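A short worksheet on the structure shown next.
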Amino acid sequence: MNVDLFDFDLPEELIAQTPLAERTASRLLTLNKQTGEYQHEQFEQLANYLQSGDVLVLNNTKVLPARLQGVKADTGAHIELLLLKSLGEDRWETLAKPAKRLKRGTVIVFGAEEEGGEPLLQAVVEAEGEMGARIVRFAYKGIFHELLDRLGQMPLPPYIRETLSDRDRYQTVYAEEEGSAAAPTAGLHFTKSYLRKLEQQGIIITYVTLHVGLGTFRPVSAEQVEEHEMHAEYYAISERTAAVLREAKQQKRRIAAVGTTSARTLETLASRYPDADYEACSGWTSIFIYPGYTYQLVDMLLTNFHLPKSTLLMLISAMAGREHILSAYREAVRERYRFFSFGDAMLIY
């Protein structure tokens, strides 16, 4: 399947650049996956599409202040590291910029107590990868996450040019498990009061964890969809969530995923337990969902609007069909919906 089949014209000005916390209410485009019919709503009307007994699954990952600004110890040249995945024993998979001169053995330093003092944090490049990827090992005194909180910045998408004064503007209200390099942005639409409203309506809310890394955002460079390889991302599912899903599946109640990360986690669980006898589990997933895939657990999907030729656009096309999705996207462009991380929402049901 050619990647160009997932292309569409997206005016640059429709890529939302204002954090949700500073905007008016988001819009919601709803798409019937069987008929292709769509409706224009406001996000608060999501409740009208859910019914008592439905299960709403959200990703409770929490974004690390994972963008570090440092310098090469030998030349003083500026280096930026984006932490993607902890490999244990103070080793991390990172994206480096500029990466060209970061060979094995290069030392990068971050912060200093005072002029000429010892750096607070030091990284040594242990391995080189593709597209700016580097494996580094950190050395420091104290607690790593406290230093990261002190030195790091929130890893906002590159088209967001402002610095967030309040880091919580790039966290969901239910963020709990620290470890992501990016927010599961479909969840940014929810407030605590709206989640309570859904629970009062009889919606069962439960959580999975998937730490968002390079796999979600890596561009597709292959010409054929099937040739693209996803990076592995860590996921975890609690016993409570496994039990909720088992019961919902047995009783044939609908399961709605909030965001593509929740959807990928649920489908990973389904592939791990094909008999639907779900259990608490954790591990690494590189699941790649595109047309031809049959969803096993996810009946409904709430998501933001994605970029052309992206793996996320392919994932939602597997649920509703490429033609229905691209037709709805053309309508979203005509109606000036806001796209990508801080954009408007879409419900596929």
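Following the order of the structure tokens, chains are lettered A, B, ..., residues in each are numbered from 1, and ligands are numbered from 1.
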
Residues flagged helix (DSSP H, G or I) by DSSP in segment 30-248 of chain A, as a PyMOL selection string: chain A and resi 43-49+144-151+167-170+185-189+192-200+214-217+225-227+239-248

Based on the selection just made, write C-alpha atoms of those residues as a compact mmCIF listing (two decimals), in the first residue's frame.
```txt
# COMPACT_ATOMS: atom_id res chain seq x y z
CA PHE A 43 -16.42 18.78 22.43
CA GLU A 44 -18.83 18.89 25.37
CA GLN A 45 -21.35 17.02 23.19
CA LEU A 46 -19.16 13.92 23.32
CA ALA A 47 -21.41 12.76 26.17
CA ASN A 48 -24.30 12.46 23.70
CA TYR A 49 -22.43 9.73 21.82
CA PHE A 144 18.02 12.08 38.41
CA HIS A 145 14.35 13.07 38.17
CA GLU A 146 14.89 16.04 40.51
CA LEU A 147 17.72 17.24 38.26
CA LEU A 148 15.57 16.68 35.20
CA ASP A 149 12.78 18.73 36.77
CA ARG A 150 15.30 21.51 37.43
CA LEU A 151 17.14 21.49 34.09
CA ARG A 167 4.07 22.88 32.56
CA ASP A 168 0.67 21.43 33.40
CA ARG A 169 -0.73 22.97 30.21
CA TYR A 170 1.00 20.09 28.40
CA THR A 185 -2.96 14.99 23.27
CA ALA A 186 -6.51 13.70 22.72
CA GLY A 187 -6.77 13.67 26.49
CA LEU A 188 -5.97 17.38 26.80
CA HIS A 189 -9.62 18.17 25.99
CA LYS A 192 -11.86 16.76 35.89
CA SER A 193 -15.43 18.05 36.04
CA TYR A 194 -16.24 16.66 32.59
CA LEU A 195 -14.86 13.26 33.54
CA ARG A 196 -17.07 13.32 36.65
CA LYS A 197 -20.05 14.17 34.45
CA LEU A 198 -19.36 11.14 32.27
CA GLU A 199 -19.10 8.88 35.33
CA GLN A 200 -22.43 10.23 36.60
CA LEU A 214 9.69 8.13 18.93
CA GLY A 215 7.38 5.40 17.62
CA THR A 216 4.34 7.65 17.56
CA PHE A 217 5.94 10.59 15.75
CA VAL A 225 3.23 1.42 4.31
CA GLU A 226 4.13 -2.18 5.11
CA GLU A 227 7.86 -1.38 5.05
CA GLU A 239 -5.52 -5.64 37.04
CA ARG A 240 -8.44 -3.26 37.54
CA THR A 241 -8.37 -2.21 33.87
CA ALA A 242 -7.93 -5.81 32.70
CA ALA A 243 -10.98 -6.82 34.74
CA VAL A 244 -13.07 -3.93 33.38
CA LEU A 245 -12.15 -4.90 29.83
CA ARG A 246 -12.83 -8.61 30.38
CA GLU A 247 -16.30 -7.84 31.69
CA ALA A 248 -17.07 -5.35 28.94
```

Residues within 10 Å of Phe6 of chain A, only C-alpha atoms, excluding chain neighbours under 2 positions, as a PDB file with C-alpha atoms, in the first residue's frame:
```
ATOM      1  CA  MET A   1       0.000   0.000   0.000  1.00  0.00           C
ATOM      2  CA  ASN A   2       1.559   3.289  -1.109  1.00  0.00           C
ATOM      3  CA  VAL A   3       2.105   5.948   1.539  1.00  0.00           C
ATOM      4  CA  ASP A   4       0.876   8.627  -0.902  1.00  0.00           C
ATOM      5  CA  PHE A   8      -4.089  15.427   1.690  1.00  0.00           C
ATOM      6  CA  VAL A 225       3.230   1.419   4.312  1.00  0.00           C
ATOM      7  CA  LEU A 307      -0.791  15.110   9.684  1.00  0.00           C
ATOM      8  CA  PRO A 308      -0.681  13.793   6.100  1.00  0.00           C
ATOM      9  CA  LYS A 309       1.103  10.459   5.557  1.00  0.00           C
ATOM     10  CA  SER A 310       1.459   9.868   9.310  1.00  0.00           C
ATOM     11  CA  THR A 311       1.162   6.499  11.052  1.00  0.00           C
ATOM     12  CA  LEU A 313      -3.674   8.806  10.049  1.00  0.00           C
ATOM     13  CA  MET A 314      -3.140   5.201   8.953  1.00  0.00           C
ATOM     14  CA  SER A 317      -8.056   4.763   8.569  1.00  0.00           C
ATOM     15  CA  ARG A 322      -9.319   5.470   4.214  1.00  0.00           C
ATOM     16  CA  GLU A 323     -12.033   6.954   1.995  1.00  0.00           C
ATOM     17  CA  ILE A 325     -11.363   9.379   6.850  1.00  0.00           C
ATOM     18  CA  LEU A 326     -10.029  11.470   3.971  1.00  0.00           C
TER      19      LEU A 326
END
```

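The neighbours of Ile135 of chain A here are the residues that come within 6 Å of it, using only C-alpha atoms and leaving out any residue fewer than 6 positions away in the same chain; they are A:Trp92, A:Glu93, A:Val125, A:Glu126, A:Ala127.
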
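Nearest to Thr268 of chain A of all the residues A:Leu10, A:Val109, A:Met154, A:Ala236 is A:Ala236, based on only C-alpha atoms.
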
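For segment 333-336 of chain A, the list of residues within 10 Å, based on only C-alpha atoms and with local chain neighbours fewer than 6 positions off taken out, reads Phe8, Asp9, Leu10, Pro11, Glu13, Leu14, Ile15, His40 and Asp344 of chain A.
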
Using the selection just defined, write its residues with N, CA and C atoms as a short mmCIF file (atom, residue, chain, number, x, y, z; two decimals), in the first residue's frame.
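What ended up in out28.cif:
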```cif
data_model
loop_
_atom_site.label_atom_id
_atom_site.label_comp_id
_atom_site.auth_asym_id
_atom_site.auth_seq_id
_atom_site.Cartn_x
_atom_site.Cartn_y
_atom_site.Cartn_z
N PHE A 8 -3.01 14.47 1.92
CA PHE A 8 -4.09 15.43 1.69
C PHE A 8 -3.52 16.82 1.88
N ASP A 9 -4.21 17.81 1.36
CA ASP A 9 -3.74 19.19 1.46
C ASP A 9 -4.11 19.77 2.81
N LEU A 10 -3.10 20.18 3.58
CA LEU A 10 -3.33 20.77 4.89
C LEU A 10 -2.68 22.14 4.95
N PRO A 11 -3.47 23.21 4.91
CA PRO A 11 -2.88 24.55 5.04
C PRO A 11 -2.13 24.68 6.36
N GLU A 13 -1.62 27.07 8.29
CA GLU A 13 -2.25 27.87 9.34
C GLU A 13 -3.28 27.08 10.15
N LEU A 14 -3.65 25.87 9.70
CA LEU A 14 -4.60 25.06 10.46
C LEU A 14 -3.92 24.20 11.53
N ILE A 15 -2.60 24.18 11.57
CA ILE A 15 -1.89 23.46 12.63
C ILE A 15 -1.93 24.32 13.88
N HIS A 40 -20.93 18.06 12.85
CA HIS A 40 -20.13 19.09 13.51
C HIS A 40 -20.71 19.36 14.89
N ASP A 344 -8.39 20.46 17.39
CA ASP A 344 -9.74 20.00 17.73
C ASP A 344 -9.79 18.48 17.76
#
```
